[in-house]
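In what follows, a single structure is set out as C-alpha cells and then discussed.
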Amino acid sequence: MNNHEHDVLTLMSYLSSSESDDDELINYIIKQPVIRPKISNFISNVVHSYSDKQFKGSFRMERATAYYLIKTFEDSSFFPQQHKYEPGQTSENYILSYIWFSANKSCLRDVAERFGNGLTTQFRINDRVMNFLIDISPKVINFDEGITNLAREFKKVSGMPHVIGCIDGTSIPIRTPAHKIKSTYTNRHDMPSITLQGVCDYKKKFIDVFTGIPAKIHDARVFVLSDLSKDLPSMCEKKYNLLGDGAYPIREWLLVPYKDYGRLTESQKTFNKALSSTRVLIENTFGLLKSRFRQLLQLDIHSVDKITKFIISSCVLHNLCIDMDDHIELRDEENEELLNGPDDTVFETDMSLKKNGETKRDAIKNSIQYQ
C-alpha cells in the first residue's frame with residue numbers, strides 16, 4: 001500500500017468513526033502538507049529548445065536582448081548570490097520569468113508554476129527585477145543624446161525645426177488599488193486607470209516618463225505635476241520645443257495644433273498636418289510598449305507603488321530593446337492610441353506664456369509655408 005492510499009484510508013476511518021469529532025478532523029487535514037505540482041526544468045527543457053522565432057514569440061524580445069539583460073542583472077547588487085528564501089535561483093530564472101509575466105497576459109501563479117517557483121518566491125523575483133530596472137532607468141531614459149542632436153534628427157524625420165520630442169499621455173487600465181476608491185481612478189471611459197506621460201524621440205525611445213497619477217486627472221494637469229514642466233523652459237532656451245496635442249496649453253517650449261473651428265487658413269492646415277505627422281511618433285511608441293508588454297493592457301497589481309514600478313520598468317525594457325535593434329511590428333488593431341482621440345479641453349492660466357507660444361507657432365508656420 002502506498003502513502004496516498006494509506007492517507008485515504010485514514011481519512012475514511014476518521015469520517016466513519018463515531019468517536020472522532022470535527023476538531024480532530026480539522027487538525028488532521030491541517031497537518032497534511034500541500035504540494036502544488038510545478039513544471040520541472042521549463043527553461044532547460046523548453047526555452048533552450050526554442051528557435052529564435054519561437055523565443056521572440058513567447059518573450060516578445062530577441063534572445064540576445066534577454067541574455068544581455070540576464071548578464072547585466074547578474075552583475076548587479078540586486079541579484080542575490082545566496083538567499084535563504086530563494087535558494088538555487090539563477091539570474092536566468094529571474095529575468096526570463098519576469099519577462100514572461102510582463103509580455104503575456106498570465107497571472108503570477110501561472111508564471112510561478114511554469115518556471116518551477118513558489119508563488120511567494122515569484123513575487124519576490126518580480127520585486128527584485130523591478131527594483132533593478134528602476135535603478136538603471138536614469139541611464140536608459142534621459143536626454144543624454146543632446147538637445148541639438150535630437151532637433152537635427154527630428155528635422156530629418158518631419159521637416160519641423162527645433163523639435164526635441166513628442167509628448168502625450170496614455171491610460172494604463174488597472175484594478176482599483178487596495179484601500180482606494182474606484183471613482184478616484186476612473187478615466188473618461190469609466191475605467192480605473194493610471195496615466196503614463198511619455199516623451200519620445202525620433203527612434204520611438206522614451207526620453208522622459210512620469211506616472212502614478214490617476215487617469216481622472218487631465219493630461220494638462222499631469223504635465224504640470226511632472227518635473228519636466230519645470231525643467232523644459234531652461235532646457236529649451238526659447239529655441240527648442242516639444243510637440244503635443246490639443247490637450248496641452250501652448251508654450252514657447254510646447255507647441256500644439258491650431259484649433260479647428262472651420263476657419264483655418266491653408267498655412268495653418270499645413271502646420272497642423274506637419275505637427276500631427278510628427279507627433280504620431282509618441283502614439284506609435286505607446287502602441288509598441290503595450291503590444292510588447294501585454295500586462296499593460298490590464299494591469300492586475302494591487303499596490304499603486306508596484307503599479308508605477310512595473311510601468312516604468314516596462315519603459316526601461318522598451319528602450320533597451322530599441323538600443324539592441326530588437327523591433328516588433330505594430331499592427332493597426334493593437335495601436336489603441338490611434339483609435340482614442342484626445343480630450344482637447346485646456347484650462348489656460350497664464351495668458352502671457354500662451355501668447356509667446358502662439359507667436360513662435362506662427363513663425364514656424366510661416367517658415368513651413370515658405371519651404
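Residues in the C-alpha cells are named by chain (A, B, ... in the order shown) and by number from 1 within that chain; ligands are numbered from 1 in the order shown.
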| message | I'd like the contact shell of Val129 (chain A) - 10 Å cut-off, only C-alpha atoms, skipping same-chain residues fewer than 4 positions apart - returned as an MDAnalysis selection string. | response | chainID A and resid 73 78:79 91 94:95 97:99 124:125 133:135 310 313
Non-local contacts of region 53-70 of chain A (12 Å; only C-alpha atoms; under 3 positions in same chain excluded) as an mmCIF file with C-alpha atoms, in the first residue's frame:
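Writing the result to out-v3.cif gives the following:
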data_model
loop_
_atom_site.group_PDB
_atom_site.id
_atom_site.type_symbol
_atom_site.label_atom_id
_atom_site.label_comp_id
_atom_site.auth_asym_id
_atom_site.auth_seq_id
_atom_site.Cartn_x
_atom_site.Cartn_y
_atom_site.Cartn_z
ATOM 1 C CA ILE A 43 13.978 26.735 -19.039
ATOM 2 C CA VAL A 46 11.731 24.003 -23.278
ATOM 3 C CA VAL A 47 13.131 27.543 -23.523
ATOM 4 C CA HIS A 48 16.601 26.394 -24.566
ATOM 5 C CA SER A 49 14.961 24.363 -27.345
ATOM 6 C CA TYR A 50 13.081 27.342 -28.768
ATOM 7 C CA PHE A 73 21.277 41.734 -13.730
ATOM 8 C CA GLU A 74 23.713 39.036 -12.608
ATOM 9 C CA ASP A 75 26.493 41.615 -12.281
ATOM 10 C CA SER A 76 24.306 43.967 -10.241
ATOM 11 C CA PHE A 78 20.112 43.190 -6.977
ATOM 12 C CA PHE A 79 20.939 39.572 -7.816
ATOM 13 C CA THR A 90 19.658 31.666 -11.299
ATOM 14 C CA SER A 91 19.746 35.085 -12.932
ATOM 15 C CA GLU A 92 18.253 33.368 -15.987
ATOM 16 C CA ASN A 93 15.238 32.260 -13.966
ATOM 17 C CA TYR A 94 14.825 35.770 -12.510
ATOM 18 C CA ILE A 95 14.827 37.616 -15.817
ATOM 19 C CA LEU A 96 13.017 35.097 -18.017
ATOM 20 C CA SER A 97 10.196 34.561 -15.523
ATOM 21 C CA TYR A 98 9.755 38.334 -15.149
ATOM 22 C CA ILE A 99 9.780 38.938 -18.917
ATOM 23 C CA TRP A 100 7.254 36.129 -19.409
ATOM 24 C CA PHE A 101 4.989 37.760 -16.823
ATOM 25 C CA SER A 102 5.353 41.180 -18.488
ATOM 26 C CA ALA A 103 4.933 40.007 -22.073
ATOM 27 C CA ASN A 104 1.956 37.679 -21.628
ATOM 28 C CA LYS A 105 -1.434 38.013 -20.018
ATOM 29 C CA SER A 106 -0.502 35.407 -17.408
ATOM 30 C CA VAL A 129 13.826 42.687 -11.085
ATOM 31 C CA PHE A 132 16.868 46.605 -10.695
ATOM 32 C CA LEU A 133 15.167 48.171 -13.743
ATOM 33 C CA ILE A 136 19.135 51.652 -14.188
ATOM 34 C CA LEU A 288 4.633 49.398 -29.270
ATOM 35 C CA LEU A 289 5.000 49.448 -25.486
ATOM 36 C CA LYS A 290 1.574 47.884 -24.912
ATOM 37 C CA SER A 291 1.998 45.444 -27.773
ATOM 38 C CA ARG A 292 5.299 44.163 -26.376
ATOM 39 C CA PHE A 293 4.330 44.125 -22.677
ATOM 40 C CA ARG A 294 0.747 42.939 -22.675
ATOM 41 C CA VAL A 316 13.109 50.738 -19.498
ATOM 42 C CA LEU A 317 12.790 47.356 -21.237
ATOM 43 C CA HIS A 318 11.225 49.074 -24.262
ATOM 44 C CA ASN A 319 14.269 51.371 -24.594
ATOM 45 C CA LEU A 320 16.731 48.509 -24.112
ATOM 46 C CA CYS A 321 15.031 46.607 -26.935
ATOM 47 C CA ILE A 322 15.367 49.591 -29.290
ATOM 48 C CA ASP A 323 19.027 50.053 -28.303
ATOM 49 C CA MET A 324 19.586 46.388 -29.220
ATOM 50 C CA ASP A 325 17.785 46.846 -32.592
ATOM 51 C CA ASP A 326 15.106 44.498 -31.272
ATOM 52 C CA HIS A 327 11.949 45.659 -33.028
ATOM 53 C CA ILE A 328 8.412 44.340 -33.255
ATOM 54 C CA GLU A 329 5.732 45.117 -35.799
#
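Among the candidates A:Lys365, A:Arg251, A:Arg114, A:Lys239, the residue lying nearest to Ser352 (chain A) is A:Arg251 (atoms considered: only C-alpha atoms).
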Counting only C-alpha atoms, give me one row per residue of region 222-293 of chain A with an atom at most 8 Å from an atom of region 156-175 of chain A, showing the shortest contact pair and its distance in Å to one decimal, sorted by chain then residue number, as JSON lines.
{"residue": "A:Lys239", "atom": "CA", "partner": "A:His162", "partner_atom": "CA", "distance": 6.6}
{"residue": "A:Tyr240", "atom": "CA", "partner": "A:His162", "partner_atom": "CA", "distance": 4.6}
{"residue": "A:Asn241", "atom": "CA", "partner": "A:Val163", "partner_atom": "CA", "distance": 5.2}
{"residue": "A:Leu242", "atom": "CA", "partner": "A:Gly165", "partner_atom": "CA", "distance": 5.0}
{"residue": "A:Leu243", "atom": "CA", "partner": "A:Cys166", "partner_atom": "CA", "distance": 4.8}
{"residue": "A:Gly244", "atom": "CA", "partner": "A:Ile167", "partner_atom": "CA", "distance": 5.2}
{"residue": "A:Asp245", "atom": "CA", "partner": "A:Asp168", "partner_atom": "CA", "distance": 7.2}
{"residue": "A:Ala274", "atom": "CA", "partner": "A:Ser158", "partner_atom": "CA", "distance": 7.0}
{"residue": "A:Leu275", "atom": "CA", "partner": "A:Met160", "partner_atom": "CA", "distance": 7.6}
{"residue": "A:Ser277", "atom": "CA", "partner": "A:Ser158", "partner_atom": "CA", "distance": 7.4}
{"residue": "A:Thr278", "atom": "CA", "partner": "A:Ser158", "partner_atom": "CA", "distance": 5.7}
{"residue": "A:Arg279", "atom": "CA", "partner": "A:Cys166", "partner_atom": "CA", "distance": 5.4}
{"residue": "A:Leu281", "atom": "CA", "partner": "A:Cys166", "partner_atom": "CA", "distance": 7.0}
{"residue": "A:Ile282", "atom": "CA", "partner": "A:Cys166", "partner_atom": "CA", "distance": 5.8}
{"residue": "A:Glu283", "atom": "CA", "partner": "A:Asp168", "partner_atom": "CA", "distance": 7.5}
{"residue": "A:Phe286", "atom": "CA", "partner": "A:Thr170", "partner_atom": "CA", "distance": 7.3}
| message | I need the residues of region 173-253 of chain A that end up classed as strand (DSSP E or B) by DSSP on the backbone, written out as a list in words. | response | Pro173, Ile174, Thr186, Pro192, Ser193, Ile194, Thr195, Leu196, Gln197, Gly198, Val199, Cys200, Phe206, Ile207, Asp208, Val209, Phe210, Thr211, Gly212, Ile213, Pro214, Asn241, Leu242, Leu243 and Arg251 of chain A
Keeping only N, CA and C atoms, take the residues you just selected and write them out as a tab-separated table (two decimals), in the first residue's frame.
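The resulting file, out_28.tsv, is reproduced below:
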chain	number	residue	atom	x	y	z
A	173	PRO	N	-4.98	50.66	-17.96
A	173	PRO	CA	-6.07	50.10	-17.16
A	173	PRO	C	-5.55	49.26	-16.00
A	174	ILE	N	-6.15	49.44	-14.83
A	174	ILE	CA	-5.71	48.72	-13.63
A	174	ILE	C	-6.92	48.21	-12.86
A	186	THR	N	-11.00	56.44	-12.11
A	186	THR	CA	-11.68	56.21	-13.38
A	186	THR	C	-11.38	57.31	-14.39
A	192	PRO	N	-10.99	52.20	-14.31
A	192	PRO	CA	-9.90	52.54	-13.39
A	192	PRO	C	-8.57	52.49	-14.14
A	193	SER	N	-7.84	53.58	-14.12
A	193	SER	CA	-6.61	53.66	-14.90
A	193	SER	C	-5.63	54.59	-14.23
A	194	ILE	N	-4.37	54.43	-14.61
A	194	ILE	CA	-3.31	55.35	-14.20
A	194	ILE	C	-2.69	55.92	-15.47
A	195	THR	N	-2.37	57.20	-15.44
A	195	THR	CA	-1.81	57.87	-16.62
A	195	THR	C	-0.30	57.67	-16.69
A	196	LEU	N	0.16	57.33	-17.87
A	196	LEU	CA	1.59	57.33	-18.18
A	196	LEU	C	1.84	58.49	-19.13
A	197	GLN	N	2.58	59.49	-18.67
A	197	GLN	CA	3.00	60.59	-19.55
A	197	GLN	C	4.37	60.25	-20.10
A	198	GLY	N	4.49	60.30	-21.42
A	198	GLY	CA	5.77	59.95	-22.04
A	198	GLY	C	6.21	60.99	-23.05
A	199	VAL	N	7.52	61.13	-23.18
A	199	VAL	CA	8.12	61.94	-24.24
A	199	VAL	C	9.04	61.01	-25.02
A	200	CYS	N	8.89	60.98	-26.33
A	200	CYS	CA	9.71	60.08	-27.15
A	200	CYS	C	10.59	60.88	-28.10
A	206	PHE	N	11.71	56.29	-25.26
A	206	PHE	CA	11.29	57.24	-24.24
A	206	PHE	C	12.51	58.03	-23.76
A	207	ILE	N	12.37	59.36	-23.70
A	207	ILE	CA	13.42	60.19	-23.13
A	207	ILE	C	12.95	60.84	-21.83
A	208	ASP	N	11.67	60.68	-21.52
A	208	ASP	CA	11.16	61.10	-20.21
A	208	ASP	C	9.83	60.38	-19.99
A	209	VAL	N	9.62	59.89	-18.76
A	209	VAL	CA	8.34	59.27	-18.41
A	209	VAL	C	7.94	59.74	-17.01
A	210	PHE	N	6.64	59.79	-16.79
A	210	PHE	CA	6.09	60.20	-15.50
A	210	PHE	C	4.77	59.47	-15.33
A	211	THR	N	4.58	58.80	-14.19
A	211	THR	CA	3.35	58.03	-13.99
A	211	THR	C	3.00	57.98	-12.51
A	212	GLY	N	1.85	57.40	-12.22
A	212	GLY	CA	1.36	57.28	-10.85
A	212	GLY	C	0.14	58.14	-10.57
A	213	ILE	N	-0.19	59.05	-11.50
A	213	ILE	CA	-1.34	59.94	-11.32
A	213	ILE	C	-2.60	59.25	-11.84
A	214	PRO	N	-3.71	59.28	-11.08
A	214	PRO	CA	-4.95	58.67	-11.57
A	214	PRO	C	-5.38	59.27	-12.91
A	241	ASN	N	11.60	72.97	-28.67
A	241	ASN	CA	10.26	72.72	-28.12
A	241	ASN	C	9.86	71.26	-28.29
A	242	LEU	N	8.87	70.86	-27.50
A	242	LEU	CA	8.19	69.59	-27.68
A	242	LEU	C	6.96	69.81	-28.55
A	243	LEU	N	6.40	68.72	-29.08
A	243	LEU	CA	5.13	68.76	-29.81
A	243	LEU	C	4.09	67.99	-29.00
A	251	ARG	N	2.91	76.76	-25.39
A	251	ARG	CA	4.02	77.49	-24.78
A	251	ARG	C	5.14	77.61	-25.81
| request: Would you list the contacts of Asn356 (chain A) as number ranges by chain, taking every protein, DNA or RNA residue within 12 Å and counting only C-alpha atoms, but skipping same-chain residues closer than 3 positions in sequence? | output: A: 238-239, 249-255, 350-353, 359-363
| message | Could you pull out the helix (DSSP H, G or I) residues of region 55-145 of chain A, going by DSSP on the backbone, and write them as an NGL selection string? | response | :A and (55-59 or 63-74 or 91-103 or 108-114 or 119-140)
| remark: re CA of Ile312 (chain A) and CA of Phe42 (chain A): distance 28.1 Å
| task | Would you kindly return, as a VMD selection string, each protein, DNA or RNA residue with an atom no farther than 7 Å from any atom of His302 (chain A), considering only C-alpha atoms and excluding same-chain residues fewer than 2 positions away? | result | chain A and resid 175 177 to 178 300 304
| note | Between A:His218, A:Lys203, A:Lys309, A:Lys355, smallest distance to Leu150 (chain A) by only C-alpha atoms belongs to A:Lys203
| Quick one: distance from CA of Asn366 (chain A) to CA of Arg263 (chain A) in Å, one decimal? |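 Between CA of Asn366 (chain A) and CA of Arg263 (chain A) the gap is 17.4 Å.
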| Taking only C-alpha atoms into account, which of A:Gln268, A:Ser303, A:Asn131, A:Gln81 comes nearest Ile364 (chain A)? | A:Gln268
